[in-house]
Every structure is written in C-alpha cells, then in structure tokens.
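Source file: run07.txt. Holds: compact mmCIF, C-alpha atoms.
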# COMPACT_ATOMS: atom_id res chain seq x y z
CA MET G 1 1.56 -10.85 28.57
CA GLU G 2 -0.58 -8.70 26.28
CA LEU G 3 -4.33 -9.19 26.12
CA GLY G 4 -4.18 -10.12 22.41
CA VAL G 5 -1.71 -12.93 23.13
CA VAL G 6 -3.89 -14.18 26.00
CA ASN G 7 -6.85 -14.33 23.63
CA TYR G 8 -4.82 -16.26 21.07
CA VAL G 9 -3.74 -18.78 23.71
CA ALA G 10 -7.28 -19.19 25.03
CA ILE G 11 -8.70 -19.72 21.56
CA ALA G 12 -5.93 -22.16 20.68
CA VAL G 13 -6.51 -24.19 23.86
CA LEU G 14 -10.26 -24.37 23.26
CA ALA G 15 -9.74 -25.33 19.64
CA LEU G 16 -7.29 -28.07 20.60
CA MET G 17 -9.74 -29.40 23.19
CA GLY G 18 -12.44 -29.46 20.56
CA LEU G 19 -10.09 -31.19 18.15
CA TYR G 20 -9.27 -33.82 20.77
CA VAL G 21 -12.95 -34.50 21.53
CA LEU G 22 -13.86 -34.75 17.86
CA SER G 23 -10.94 -37.09 17.22
CA LEU G 24 -12.30 -39.41 19.92
CA ILE G 25 -15.71 -39.34 18.29
CA TYR G 26 -14.18 -39.96 14.90
CA ASN G 27 -12.16 -42.94 16.22
CA ASN G 28 -15.35 -44.40 17.73
CA PHE G 29 -17.03 -44.19 14.34
CA ARG G 30 -14.05 -45.89 12.72
CA ALA G 31 -14.08 -48.64 15.37
CA ALA G 32 -17.73 -49.21 14.57
CA GLY G 33 -16.93 -49.41 10.87
CA VAL G 34 -18.79 -46.18 10.09
CA THR G 35 -17.38 -43.30 7.99
CA ASP G 36 -18.57 -39.97 9.22
CA ARG G 37 -17.46 -37.37 6.68
CA GLY G 38 -19.05 -34.59 8.66
CA VAL G 39 -16.90 -35.29 11.73
CA ALA G 40 -13.77 -35.60 9.61
CA GLU G 41 -14.55 -32.29 7.92
CA GLU G 42 -15.09 -30.58 11.27
CA ILE G 43 -11.74 -31.92 12.51
CA ARG G 44 -10.03 -30.58 9.39
CA PHE G 45 -11.68 -27.19 9.84
CA LEU G 46 -10.58 -26.95 13.49
CA LYS G 47 -7.04 -28.01 12.63
CA GLU G 48 -6.81 -25.27 9.99
CA ARG G 49 -8.13 -22.76 12.50
CA VAL G 50 -5.52 -23.78 15.06
CA ASP G 51 -2.80 -23.51 12.40
CA ARG G 52 -3.97 -19.98 11.54
CA ILE G 53 -3.92 -18.96 15.20
CA LYS G 54 -0.40 -20.30 15.57
CA ALA G 55 0.68 -18.47 12.42
CA VAL G 56 -0.74 -15.18 13.72
CA ARG G 57 1.05 -15.61 17.04
CA GLU G 58 4.36 -16.40 15.35
CA PHE G 59 4.01 -13.44 12.96
CA ASP G 60 3.27 -11.01 15.79
CA LYS G 61 6.13 -12.43 17.87
CA GLN G 62 8.70 -12.03 15.09
CA LYS G 63 7.41 -8.59 14.16
CA ASN G 64 7.68 -7.34 17.75
CA GLU G 65 11.05 -8.94 18.46
CA LEU G 66 12.81 -8.07 15.19
CA SER G 67 11.43 -4.63 14.38
CA TRP G 68 13.44 -1.47 15.02
CA ASN G 69 13.00 2.22 15.82
CA GLY G 70 14.49 5.02 13.77
CA ALA G 71 16.72 4.43 10.75
CA ARG G 72 18.60 1.17 10.17
CA LYS G 73 21.48 0.63 7.77
CA PHE G 74 20.66 -1.50 4.73
CA ARG G 75 23.02 -2.64 1.97
CA VAL G 76 21.88 -2.76 -1.64
CA ALA G 77 22.51 -6.43 -2.34
CA ARG G 78 21.20 -6.34 -5.89
CA LYS G 79 20.07 -3.72 -8.40
CA HIS G 80 17.93 -5.18 -11.18
CA PRO G 81 16.40 -3.15 -14.05
CA GLU G 82 12.88 -4.44 -14.80
CA ASN G 83 12.58 -2.26 -17.93
CA GLY G 84 13.78 1.15 -19.09
CA GLU G 85 11.74 2.98 -16.43
CA ILE G 86 11.51 0.65 -13.42
CA CYS G 87 14.36 -0.77 -11.37
CA SER G 88 14.20 -3.17 -8.40
CA PHE G 89 16.47 -2.83 -5.38
CA TYR G 90 17.08 -5.82 -3.09
CA LEU G 91 18.00 -4.65 0.42
CA GLN G 92 19.66 -6.62 3.19
CA PRO G 93 20.42 -5.36 6.73
CA HIS G 94 24.00 -4.21 7.14
CA ASP G 95 24.09 -5.61 10.69
CA GLU G 96 23.08 -9.05 9.30
CA ARG G 97 20.40 -9.45 11.96
CA PRO G 98 17.14 -11.16 10.91
CA LEU G 99 14.44 -9.11 9.23
CA PRO G 100 10.97 -8.76 10.75
CA PRO G 101 8.05 -9.88 8.59
CA PHE G 102 5.75 -7.26 7.12
CA GLU G 103 2.19 -7.16 5.90
CA PRO G 104 2.03 -7.49 2.09
CA GLY G 105 1.20 -4.04 0.72
CA GLN G 106 3.23 -2.02 3.23
CA TYR G 107 6.07 0.36 2.35
CA LEU G 108 9.58 1.32 3.46
CA THR G 109 10.54 4.85 4.45
CA PHE G 110 13.98 6.04 3.30
CA LYS G 111 16.11 8.89 4.63
CA LEU G 112 18.04 10.11 1.58
CA ASP G 113 20.95 12.52 1.22
CA LEU G 114 20.10 13.97 -2.18
CA PRO G 115 22.85 16.08 -3.75
CA SER G 116 20.39 18.85 -4.63
CA ALA G 117 18.64 18.91 -1.25
CA LYS G 118 19.43 21.21 1.66
CA LYS G 119 18.56 18.53 4.21
CA VAL G 120 17.78 14.83 4.50
CA THR G 121 14.82 13.92 2.29
CA THR G 122 12.20 11.42 3.43
CA ARG G 123 10.54 9.26 0.79
CA CYS G 124 8.35 6.13 0.90
CA TYR G 125 8.37 3.24 -1.58
CA SER G 126 6.12 0.19 -1.52
CA LEU G 127 7.62 -3.23 -0.94
CA SER G 128 7.17 -5.22 -4.15
CA ASP G 129 7.77 -8.77 -2.95
CA SER G 130 6.41 -11.08 -0.29
CA PRO G 131 7.90 -11.19 3.23
CA LYS G 132 10.61 -13.77 2.49
CA GLY G 133 12.76 -12.91 5.49
CA GLU G 134 16.02 -12.76 3.48
CA TYR G 135 15.65 -9.31 1.93
CA TYR G 136 13.29 -6.42 1.28
CA ARG G 137 12.60 -5.36 -2.30
CA VAL G 138 11.38 -2.04 -3.64
CA SER G 139 10.73 -1.38 -7.34
CA ILE G 140 11.05 2.29 -8.28
CA LYS G 141 10.01 4.13 -11.44
CA ARG G 142 12.18 6.85 -12.90
CA ASN G 143 10.43 10.22 -13.05
CA PRO G 144 10.58 12.12 -16.34
CA PRO G 145 11.77 15.73 -16.26
CA PRO G 146 8.98 18.24 -15.55
CA LYS G 147 7.48 20.11 -18.49
CA ASP G 148 8.02 23.33 -16.59
CA PRO G 149 11.50 23.33 -14.98
CA ALA G 150 10.35 26.05 -12.59
CA LYS G 151 7.91 23.57 -11.07
CA ALA G 152 10.47 20.82 -10.53
CA ASP G 153 9.80 19.14 -7.21
CA ILE G 154 12.77 17.89 -5.28
CA GLY G 155 10.71 14.93 -4.09
CA LYS G 156 10.46 13.66 -7.64
CA SER G 157 14.24 13.56 -7.98
CA SER G 158 14.49 10.92 -5.25
CA SER G 159 13.35 8.24 -7.71
CA ASN G 160 15.97 9.32 -10.23
CA PHE G 161 18.54 9.36 -7.42
CA PHE G 162 17.91 5.64 -6.92
CA HIS G 163 18.25 4.95 -10.64
CA ASP G 164 21.33 7.08 -11.27
CA GLN G 165 23.34 7.07 -8.05
CA VAL G 166 22.34 4.11 -5.86
CA ASN G 167 24.39 1.02 -6.73
CA GLU G 168 25.03 -2.46 -5.38
CA GLY G 169 26.98 -2.28 -2.14
CA ASP G 170 25.71 1.17 -1.19
CA ILE G 171 24.29 1.76 2.29
CA LEU G 172 20.86 3.33 2.79
CA ASN G 173 19.03 4.50 5.92
CA VAL G 174 15.68 2.73 6.16
CA HIS G 175 12.81 2.80 8.64
CA ALA G 176 10.80 -0.32 9.46
CA PRO G 177 7.89 -1.33 7.18
CA GLY G 178 4.70 0.62 7.79
CA GLY G 179 1.35 1.55 6.32
CA ASP G 180 -2.30 0.62 6.76
CA PHE G 181 -2.82 -0.61 3.20
CA PHE G 182 -2.16 -4.35 3.36
CA LEU G 183 -3.75 -7.73 2.77
CA ASP G 184 -4.82 -9.74 5.81
CA MET G 185 -3.10 -13.08 5.17
CA HIS G 186 -5.01 -14.79 7.96
CA ARG G 187 -8.27 -14.61 6.02
CA SER G 188 -9.35 -16.73 3.09
CA THR G 189 -11.99 -14.48 1.51
CA PRO G 190 -11.75 -13.88 -2.27
CA VAL G 191 -9.83 -10.79 -3.40
CA VAL G 192 -9.29 -8.63 -6.48
CA LEU G 193 -5.85 -7.00 -6.71
CA ILE G 194 -5.45 -4.08 -9.14
CA GLY G 195 -2.30 -2.23 -10.14
CA GLY G 196 -1.93 0.69 -12.52
CA GLY G 197 1.59 1.35 -13.82
CA ILE G 198 4.07 1.48 -10.93
CA GLY G 199 1.06 0.95 -8.65
CA ILE G 200 1.70 -2.74 -9.29
CA THR G 201 4.24 -2.84 -6.45
CA PRO G 202 2.04 -3.22 -3.33
CA VAL G 203 -0.49 -5.53 -5.00
CA LEU G 204 2.33 -7.67 -6.44
CA SER G 205 3.56 -8.09 -2.88
CA MET G 206 0.08 -9.29 -1.96
CA LEU G 207 -0.08 -11.69 -4.91
CA ASN G 208 3.34 -13.17 -4.15
CA ALA G 209 2.39 -13.62 -0.49
CA ILE G 210 -0.80 -15.48 -1.42
CA VAL G 211 1.03 -17.83 -3.78
CA GLU G 212 4.04 -18.49 -1.55
CA SER G 213 1.89 -19.15 1.53
CA GLY G 214 0.01 -21.90 -0.30
CA SER G 215 -3.30 -20.09 0.20
CA THR G 216 -6.15 -21.32 -1.99
CA ARG G 217 -8.23 -18.14 -1.70
CA GLU G 218 -9.76 -17.04 -4.99
CA THR G 219 -7.56 -14.26 -6.38
CA TRP G 220 -7.95 -12.02 -9.43
CA PHE G 221 -5.03 -9.84 -10.44
CA PHE G 222 -5.49 -6.96 -12.91
CA LEU G 223 -2.61 -4.90 -14.28
CA GLY G 224 -3.44 -1.77 -16.26
CA ILE G 225 -0.68 -0.32 -18.48
CA ARG G 226 -0.40 1.39 -21.86
CA ASN G 227 1.39 -1.29 -23.88
CA GLY G 228 4.05 -3.98 -23.88
CA LYS G 229 6.86 -1.50 -23.22
CA GLU G 230 5.45 -0.93 -19.73
CA HIS G 231 4.73 -4.60 -19.05
CA VAL G 232 6.94 -5.41 -16.06
CA PHE G 233 7.21 -8.78 -14.28
CA ARG G 234 5.70 -10.39 -17.39
CA GLU G 235 7.27 -13.85 -17.02
CA HIS G 236 6.67 -13.89 -13.28
CA LEU G 237 2.95 -13.13 -13.65
CA GLU G 238 2.55 -15.67 -16.45
CA ALA G 239 4.16 -18.38 -14.33
CA ILE G 240 1.88 -17.61 -11.38
CA ASP G 241 -1.20 -17.65 -13.61
CA GLN G 242 -0.31 -21.04 -15.07
CA ALA G 243 0.75 -22.72 -11.83
CA ASN G 244 -2.13 -21.73 -9.53
CA GLU G 245 -5.75 -22.70 -10.20
CA ASN G 246 -7.05 -20.17 -7.68
CA VAL G 247 -5.19 -17.22 -9.28
CA HIS G 248 -6.45 -15.44 -12.41
CA VAL G 249 -4.10 -12.84 -13.94
CA ARG G 250 -5.57 -10.35 -16.41
CA ILE G 251 -3.37 -7.85 -18.27
CA VAL G 252 -5.05 -4.75 -19.71
CA TYR G 253 -3.41 -2.50 -22.34
CA SER G 254 -4.98 0.93 -22.88
CA GLY G 255 -3.01 1.64 -26.08
CA PRO G 256 -1.32 -1.49 -27.45
CA ASP G 257 1.40 -1.11 -30.09
CA GLU G 258 1.22 -2.86 -33.44
CA SER G 259 3.62 -5.50 -32.11
CA ASP G 260 1.39 -6.27 -29.09
CA VAL G 261 -0.76 -9.37 -29.65
CA GLU G 262 -4.09 -9.70 -27.85
CA GLY G 263 -4.40 -13.08 -26.18
CA LYS G 264 -0.63 -13.44 -26.03
CA ASP G 265 0.75 -10.21 -24.57
CA TYR G 266 -2.46 -8.96 -22.98
CA HIS G 267 -6.02 -10.11 -22.28
CA HIS G 268 -8.11 -6.95 -22.67
CA LYS G 269 -7.85 -3.63 -24.49
CA GLY G 270 -9.10 -0.57 -22.62
CA ARG G 271 -8.91 0.45 -19.00
CA VAL G 272 -9.26 -1.40 -15.72
CA GLY G 273 -12.57 -0.54 -14.13
CA ALA G 274 -15.95 -1.71 -12.93
CA ASP G 275 -17.22 -2.22 -16.49
CA LEU G 276 -14.46 -4.76 -17.13
CA PHE G 277 -15.08 -6.42 -13.77
CA LYS G 278 -18.74 -6.90 -14.67
CA GLU G 279 -17.67 -8.82 -17.77
CA VAL G 280 -14.93 -10.92 -16.16
CA LEU G 281 -15.77 -11.53 -12.50
CA PRO G 282 -18.45 -13.99 -11.44
CA SER G 283 -19.91 -11.40 -9.06
CA ASN G 284 -18.96 -8.26 -7.12
CA ASN G 285 -18.49 -10.23 -3.89
CA TYR G 286 -14.77 -9.58 -3.35
CA ASP G 287 -12.43 -7.39 -1.35
CA TYR G 288 -10.77 -4.95 -3.77
CA TYR G 289 -7.22 -3.65 -3.30
CA PHE G 290 -5.81 -1.13 -5.78
CA CYS G 291 -3.00 1.32 -6.33
CA GLY G 292 -2.28 3.49 -9.36
CA PRO G 293 -2.45 6.98 -10.85
CA PRO G 294 -5.00 9.33 -9.21
CA PRO G 295 -7.49 9.34 -12.15
CA MET G 296 -7.53 5.54 -12.23
CA MET G 297 -7.99 5.36 -8.46
CA GLU G 298 -10.84 7.86 -8.50
CA SER G 299 -12.57 6.01 -11.33
CA LEU G 300 -12.15 2.63 -9.66
CA PHE G 301 -13.50 3.79 -6.33
CA HIS G 302 -16.65 5.38 -7.69
CA GLY G 303 -17.16 2.62 -10.26
CA LEU G 304 -17.10 -0.01 -7.52
CA ARG G 305 -19.46 2.00 -5.33
CA ASP G 306 -21.87 2.37 -8.25
CA TRP G 307 -21.67 -1.42 -8.64
CA ASP G 308 -22.92 -1.71 -5.05
CA VAL G 309 -19.60 -2.83 -3.61
CA PRO G 310 -19.63 -1.77 0.08
CA GLU G 311 -17.05 0.84 0.96
CA SER G 312 -15.74 -1.49 3.68
CA ARG G 313 -14.52 -3.85 0.95
CA ILE G 314 -12.67 -1.17 -1.06
CA HIS G 315 -9.03 -0.62 -0.09
CA PHE G 316 -6.54 1.65 -1.86
CA GLU G 317 -3.12 3.22 -1.58
CA ALA G 318 -2.10 6.61 -2.96
CA PHE G 319 1.44 7.94 -2.98
CA GLY G 320 1.74 11.45 -4.30
CA PRO G 321 -1.25 13.82 -4.22
CA ALA G 322 -4.15 11.79 -2.85
CA THR G 323 -7.37 12.53 -4.73
CA VAL G 324 -9.67 9.62 -3.87
CA LYS G 325 -12.45 10.69 -1.56
CA SER G 326 -14.66 8.22 0.20
CA LYS G 327 -18.38 8.72 -0.23
CA LYS G 328 -18.59 9.64 3.45
CA SER G 329 -15.95 12.35 3.02
CA ALA G 330 -17.60 13.66 -0.13
CA ASP G 331 -21.01 13.79 1.52
CA LYS G 332 -19.49 15.57 4.52
CA ASP G 333 -17.86 18.17 2.29
CA ASP G 334 -21.03 18.66 0.23
CA GLY G 335 -22.98 19.33 3.40
CA LYS G 336 -20.89 22.32 4.46
CA ALA G 337 -23.29 25.04 3.46
CA ASP G 338 -21.52 27.54 5.68
CA ALA G 339 -17.98 26.57 4.57
CA ALA G 340 -15.48 29.42 4.63
CA PRO G 341 -14.11 30.87 1.38
CA ALA G 342 -11.30 28.90 -0.24
CA THR G 343 -8.83 31.81 -0.44
CA GLY G 344 -7.71 34.88 1.48
CA PHE G 345 -6.56 33.16 4.68
CA LYS G 346 -3.39 34.41 6.36
CA LEU G 347 -0.90 31.60 6.98
CA LYS G 348 1.82 32.42 9.48
CA PHE G 349 4.81 30.04 9.46
CA VAL G 350 6.32 30.81 12.86
CA LYS G 351 9.76 29.18 12.58
CA SER G 352 10.29 30.50 9.07
CA GLU G 353 9.08 33.95 10.13
CA LYS G 354 6.86 34.28 7.08
CA GLU G 355 3.22 35.27 6.71
CA ILE G 356 1.59 34.54 3.36
CA VAL G 357 -1.98 34.85 2.08
CA TRP G 358 -3.45 31.56 0.89
CA ASP G 359 -4.44 32.04 -2.76
CA GLY G 360 -5.67 28.53 -3.59
CA SER G 361 -2.90 27.97 -6.15
CA ALA G 362 -1.61 24.82 -4.40
CA ASP G 363 -3.33 21.53 -3.61
CA SER G 364 -2.06 21.45 -0.03
CA ILE G 365 -0.40 23.52 2.67
CA LEU G 366 2.82 21.57 2.04
CA GLU G 367 2.91 22.47 -1.66
CA PHE G 368 2.03 26.08 -0.85
CA ALA G 369 4.87 26.27 1.67
CA GLU G 370 7.38 24.77 -0.77
CA ALA G 371 6.31 27.18 -3.49
CA ASN G 372 7.16 30.01 -1.10
CA ASP G 373 10.59 28.63 -0.09
CA ILE G 374 9.48 27.36 3.29
CA ASP G 375 11.27 24.19 4.35
CA MET G 376 8.93 21.44 5.64
CA ASP G 377 9.38 17.71 6.15
CA SER G 378 7.44 15.38 3.87
CA GLY G 379 7.37 11.77 2.76
CA CYS G 380 4.55 9.95 0.98
CA ARG G 381 2.51 13.11 0.25
CA ALA G 382 -0.65 11.07 0.67
CA GLY G 383 -1.36 11.27 4.40
CA ALA G 384 0.03 7.81 5.09
CA CYS G 385 3.55 8.07 6.54
CA GLY G 386 3.08 10.94 9.00
CA THR G 387 6.36 12.66 8.12
CA CYS G 388 4.69 16.01 7.41
CA ILE G 389 2.81 16.25 10.73
CA THR G 390 3.00 19.87 11.88
CA ALA G 391 1.71 21.52 15.04
CA VAL G 392 -1.17 23.94 14.48
CA LEU G 393 -0.76 26.88 16.86
CA ALA G 394 -3.96 28.60 15.70
CA GLY G 395 -6.66 27.92 13.12
CA ASP G 396 -7.94 24.76 11.50
CA VAL G 397 -7.73 22.73 8.26
CA ASN G 398 -9.87 20.73 5.88
CA TYR G 399 -8.50 17.42 4.60
CA ASN G 400 -8.58 16.59 0.88
CA THR G 401 -8.84 12.92 1.79
CA ASP G 402 -9.08 10.92 5.00
CA PRO G 403 -5.64 10.58 6.68
CA SER G 404 -4.16 7.11 7.08
CA ALA G 405 -1.50 8.18 9.56
CA ASP G 406 -2.43 8.98 13.14
CA VAL G 407 -2.76 12.72 13.76
CA ASP G 408 -2.41 14.12 17.26
CA LYS G 409 -4.87 16.73 18.43
CA GLY G 410 -3.50 20.16 17.66
CA SER G 411 -1.54 18.98 14.60
CA CYS G 412 -2.23 18.39 10.93
CA LEU G 413 -0.86 16.52 7.94
CA THR G 414 0.19 19.35 5.65
CA CYS G 415 0.48 17.13 2.56
CA ILE G 416 -3.27 16.53 2.32
CA SER G 417 -4.77 19.56 4.07
CA VAL G 418 -5.81 23.09 3.14
CA PRO G 419 -6.65 25.95 5.50
CA LYS G 420 -10.22 26.76 6.42
CA SER G 421 -9.29 29.82 8.49
CA ASP G 422 -6.34 32.04 9.27
CA MET G 423 -3.60 29.81 10.68
CA GLU G 424 -0.34 29.76 12.59
CA LEU G 425 1.89 26.76 11.94
CA ASP G 426 4.99 25.61 13.81
CA ALA G 427 7.08 25.50 10.63
Please render this file's structure as structure tokens.
Amino acid sequence: MELGVVNYVAIAVLALMGLYVLSLIYNNFRAAGVTDRGVAEEIRFLKERVDRIKAVREFDKQKNELSWNGARKFRVARKHPENGEICSFYLQPHDERPLPPFEPGQYLTFKLDLPSAKKVTTRCYSLSDSPKGEYYRVSIKRNPPPKDPAKADIGKSSSNFFHDQVNEGDILNVHAPGGDFFLDMHRSTPVVLIGGGIGITPVLSMLNAIVESGSTRETWFFLGIRNGKEHVFREHLEAIDQANENVHVRIVYSGPDESDVEGKDYHHKGRVGADLFKEVLPSNNYDYYFCGPPPMMESLFHGLRDWDVPESRIHFEAFGPATVKSKKSADKDDGKADAAPATGFKLKFVKSEKEIVWDGSADSILEFAEANDIDMDSGCRAGACGTCITAVLAGDVNYNTDPSADVDKGSCLTCISVPKSDMELDA
C-alpha cells in the first residue's frame, strides 16, 4: 500500500472517530432539549471532509487502475462543428473498456499519420469537457494558411487534418491524459477562469467540472474573443450562468460587429485583463487559471502581478511558442551580466550528421532544426508534453520559459530552449 493511501486511510479513520464523538455530544444536547448549532456545524464540516477524502481516494484508484501506457485506439463517436473555425470531437475507447478520470484542464496527446508528414506526428489538444467517464472531448480550431507558404509548419496542419479528414467512426491513436495545468477539484477556494479564443478549452473543462460536481466554490469565468462570430459554446455558458448562483460568466468582445448587442451577446467591450478584474471582481483574492494567445497570456500574467496577486496563485497553459515568463525567470535572466552572446554557436546534430551555426533567427532549437531540414520529434511546443526531449551530448541551453515536463539531467526540451554555448545534440 502506498504511503499516500495510508495517509488517506488514517485521516479518514480519525475524522470518522471525531464525527462519532461529536454525534454523541450532539445527541446529548438534543436529549437535554438544547440546540447547539456550533456542534452541528462542526459535524457537518467533518462529514464534508470525510467525503472529500473518500472522493480523492476513489479518483486516485480509478486513475491508477484504468490508465494506460503508450497509444490506445479511440473511435470518433461524434464530430460536432461549434462554428466555422472550431470543431469538437467526442472520443470513445475502441476496446470499450472504462475510461480513467482526468484532472480538468489536462490534454490528450495524439499520434497522427498526416498525409504530408514523413513520420508519425505528435500533437496535444486540451480536453474541453469535464471527466464524465463516457467519452473524452477535444475542441480544435482550424488553422488559416500561412501568409508566407515557405514558412508553413507541418504541426499547424494537424488541426486542419482533424477538420478535413477525421470523421465519425475513424480510429485515432491517443495517449492518456496528461499535463500539470489543472484545477484541484478537492479544494473549495474561489477561482477565476480565463479563456482567450481557442484557449477556452481547458478552462471550460474546469468550469464544467465545477458545475457537474455540485461544488459551491465562487467561480468567475471570462471569455475574451473578437466578436459574436467567434462566440462558441454560447448557449451552454448562458445556461450555466443562469442556473448556478456561485458561477459568474463574463463575455468580453474586443471588436464587436454592428449586429452584436452589449448586455445581450456580451458583457464588456475591450480586452480581458487586470484592469477589467479591478472593476468586476470584489477583490484580487482568487486563484487565476488562464489559457490563450501569447500576447494575452503575457499581459494577464504581468497585470496580475502588478495587482499584487502572488505568483503562486497564477496558473496558465501555453500550447505553441510559450512566451510567458515568471517574474523569477525574468529576474534570473536579467541578472546574467556575463551571459554568452546570442549567436555564433556551433550546433552539431549527430544523428543527422549536420553542423550549423546558430544565427538567432529561430525562437527555439526545435524551430532552428526544422528550418534546416533536421527531423525532430515535437508535440505541444510549450515545454509541457515532453515529446521533444533530446539528449545533450555537449554544451548547455537557456530556457525561454520554465519547463512543465520533467527533464532528465543531460537532456533538454528543444521546443522552448536556445543554446548558450556550442552544442552537440543526439538528433
């Protein structure tokens, strides 16, 4: 038996003993004709605590027993267009075995056979619904064609592959849910959930989980989009807002059309940020979870820090190039007075038998390698999934942002790192 389980059992036993003792006290008061609200409240509190402990144990048990290693076959049970750009895919296991629960906010990793790719492509998409147990849902935005065809990235075509070639009944290879960006459902502290564009998906999963669990925690949900044409899950969000006193949904349009009506289609005009929060929220005393385009994420992070929100209460997810730096990372970078020059390093890719001089034209080693026709694995491109981990045979890197995935000593995440010396890479 694992130590964590032993702790859960011990806490549960003590709580039950306390509940039993307090119930005896409470019954004595009742026998004496006295109403002791304090004792009754303490009993209620302990009962809720025991229920939470039991829920944690059951969640961990199902997750451990039902999870899987490697890729698992999933059937597309339903394909549902949300609007012209976003489509939801409902996935059920082909083997019909039960699904493990996941933490709201986590993502699925897909192994895709793209027609234009030389090898299997790994891509990550956030789960957009709560852990219902019957299916997994991802909602994927179509990527527009690049302005410069020469800079077309094969990773971007994976989203269009889903839209154009994945249909109901198709089989996909899927890895188990993962990721460190998720909402702790065993807490009851107030939260602010923020989505920008397709960044709605992980925070919508969190919102749905809160509502469906019956949690009464204070919840604010902000969605930042340009106008009504991008307003996905409109009816669903309106229904949640109306049916739950503890949930407050706020829609923000940055550029509403003439047909968009303030107060009906959206609540605020402008952008989601700390200035809006100061007007709407009772205080800054919340945990903040957000996902969206890099400029929005950068602005939100620094706006919240300037509003004296502790960094420990700021949580974000970035798929694609990750640009949000924590204050600690920024301070660390600023303090490197003796930092090496940004260009001129020799990068030797051993397996590819290529040696190229780093010229600073790319945001990461991964992008630099791809630009020079060097084949490297990648997934989220944000340091979260670990697909791009590569052994460093010589040299060292700087990270653009703190990695979320675990990195073994002697390796690096190429999607979020740049060289800080001459390097040899096992790629």
Using 12 Å as the limit and counting all atoms listed in the file, can you tabulate each residue of range 168-200 of chain G that touches range 298-313 of chain G, with its shortest atom-to-atom distance in Å and the two atoms involved, as CSV?
residue,atom,partner,partner_atom,distance
G:Leu183,CA,G:Arg313,CA,11.6
G:Thr189,CA,G:Arg313,CA,10.9
G:Pro190,CA,G:Arg313,CA,10.9
G:Val191,CA,G:Arg313,CA,9.4
G:Val192,CA,G:Arg313,CA,10.3
G:Leu193,CA,G:Leu300,CA,11.9
G:Ile194,CA,G:Leu300,CA,9.5
G:Gly195,CA,G:Leu300,CA,11.0
G:Gly196,CA,G:Leu300,CA,10.8
Which one is closest to Lys73 in chain G: G:Glu85, G:Asp95, G:Asp257, G:Asp241? Count all atoms listed in the file.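 For Lys73 in chain G, the nearest of the given residues is G:Asp95.
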Given the point (-3.6, 27.0, -1.5) in the coordinates of this file, which residues lie within 8 Å, counting all atoms listed in the file, and how would they look as a compact mmCIF listing (two decimals) with C-alpha atoms, in the frame of the given file?
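Listing of result_18.txt after writing:
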# COMPACT_ATOMS: atom_id res chain seq x y z
CA THR G 343 -8.83 31.81 -0.44
CA TRP G 358 -3.45 31.56 0.89
CA ASP G 359 -4.44 32.04 -2.76
CA GLY G 360 -5.67 28.53 -3.59
CA SER G 361 -2.90 27.97 -6.15
CA ALA G 362 -1.61 24.82 -4.40
CA ASP G 363 -3.33 21.53 -3.61
CA SER G 364 -2.06 21.45 -0.03
CA ILE G 365 -0.40 23.52 2.67
CA GLU G 367 2.91 22.47 -1.66
CA PHE G 368 2.03 26.08 -0.85
CA VAL G 418 -5.81 23.09 3.14
CA PRO G 419 -6.65 25.95 5.50
For a test of reading the model, state the distance in Å between CA of Ser130 in chain G and CA of Ser67 in chain G, rounded to one decimal. 16.8 Å
Would you mind listing what lies within 6 Å of range 135-144 of chain G as a list in words, with all atoms listed in the file counted and same-chain residues fewer than 2 positions away left out?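 In the requested format, the answer is Glu85, Ile86, Cys87, Ser88, Phe89, Tyr90, Leu91, Gln92, Leu127, Ser128, Asp129, Gly133, Ser159 and Asn160 of chain G.
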Kindly write range 73-125 of chain G with C-alpha atoms to a file, as a compact mmCIF listing (two decimals), in the first residue's frame.
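So the final result, stored in part_11.txt, reads:
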# COMPACT_ATOMS: atom_id res chain seq x y z
CA LYS G 73 -7.18 3.12 -30.01
CA PHE G 74 -10.08 5.57 -29.81
CA ARG G 75 -13.10 5.81 -32.10
CA VAL G 76 -14.52 9.17 -33.11
CA ALA G 77 -18.06 8.73 -31.81
CA ARG G 78 -19.22 12.20 -32.80
CA LYS G 79 -17.90 15.14 -34.80
CA HIS G 80 -19.69 18.39 -33.98
CA PRO G 81 -18.88 21.79 -35.57
CA GLU G 82 -19.10 24.54 -32.92
CA ASN G 83 -18.71 27.31 -35.54
CA GLY G 84 -16.88 27.80 -38.82
CA GLU G 85 -13.45 27.52 -37.17
CA ILE G 86 -13.84 25.18 -34.20
CA CYS G 87 -14.98 21.56 -34.22
CA SER G 88 -15.48 19.20 -31.27
CA PHE G 89 -14.54 15.52 -31.42
CA TYR G 90 -16.10 13.04 -28.98
CA LEU G 91 -13.79 10.05 -28.47
CA GLN G 92 -14.64 6.64 -27.05
CA PRO G 93 -12.19 3.76 -26.46
CA HIS G 94 -12.27 1.19 -29.25
CA ASP G 95 -11.75 -1.63 -26.72
CA GLU G 96 -14.87 -0.42 -24.83
CA ARG G 97 -13.04 -0.58 -21.51
CA PRO G 98 -13.84 2.15 -18.94
CA LEU G 99 -12.06 5.47 -19.18
CA PRO G 100 -9.89 6.78 -16.34
CA PRO G 101 -10.84 10.16 -14.89
CA PHE G 102 -8.63 13.15 -15.60
CA GLU G 103 -7.93 16.46 -13.94
CA PRO G 104 -9.95 19.27 -15.58
CA GLY G 105 -7.51 21.30 -17.66
CA GLN G 106 -5.36 18.40 -18.87
CA TYR G 107 -4.79 17.44 -22.50
CA LEU G 108 -4.66 14.40 -24.78
CA THR G 109 -1.64 13.53 -26.90
CA PHE G 110 -2.37 12.19 -30.40
CA LYS G 111 -0.13 10.18 -32.73
CA LEU G 112 -1.23 11.25 -36.21
CA ASP G 113 -0.41 9.88 -39.66
CA LEU G 114 -0.56 13.11 -41.63
CA PRO G 115 -0.51 12.68 -45.42
CA SER G 116 2.16 15.37 -45.81
CA ALA G 117 4.40 14.13 -42.99
CA LYS G 118 7.38 11.82 -43.33
CA LYS G 119 6.70 10.19 -39.97
CA VAL G 120 4.08 9.98 -37.22
CA THR G 121 3.29 13.45 -35.89
CA THR G 122 2.67 14.06 -32.19
CA ARG G 123 0.22 16.78 -31.23
CA CYS G 124 -1.54 17.75 -27.99
CA TYR G 125 -5.08 19.13 -27.62
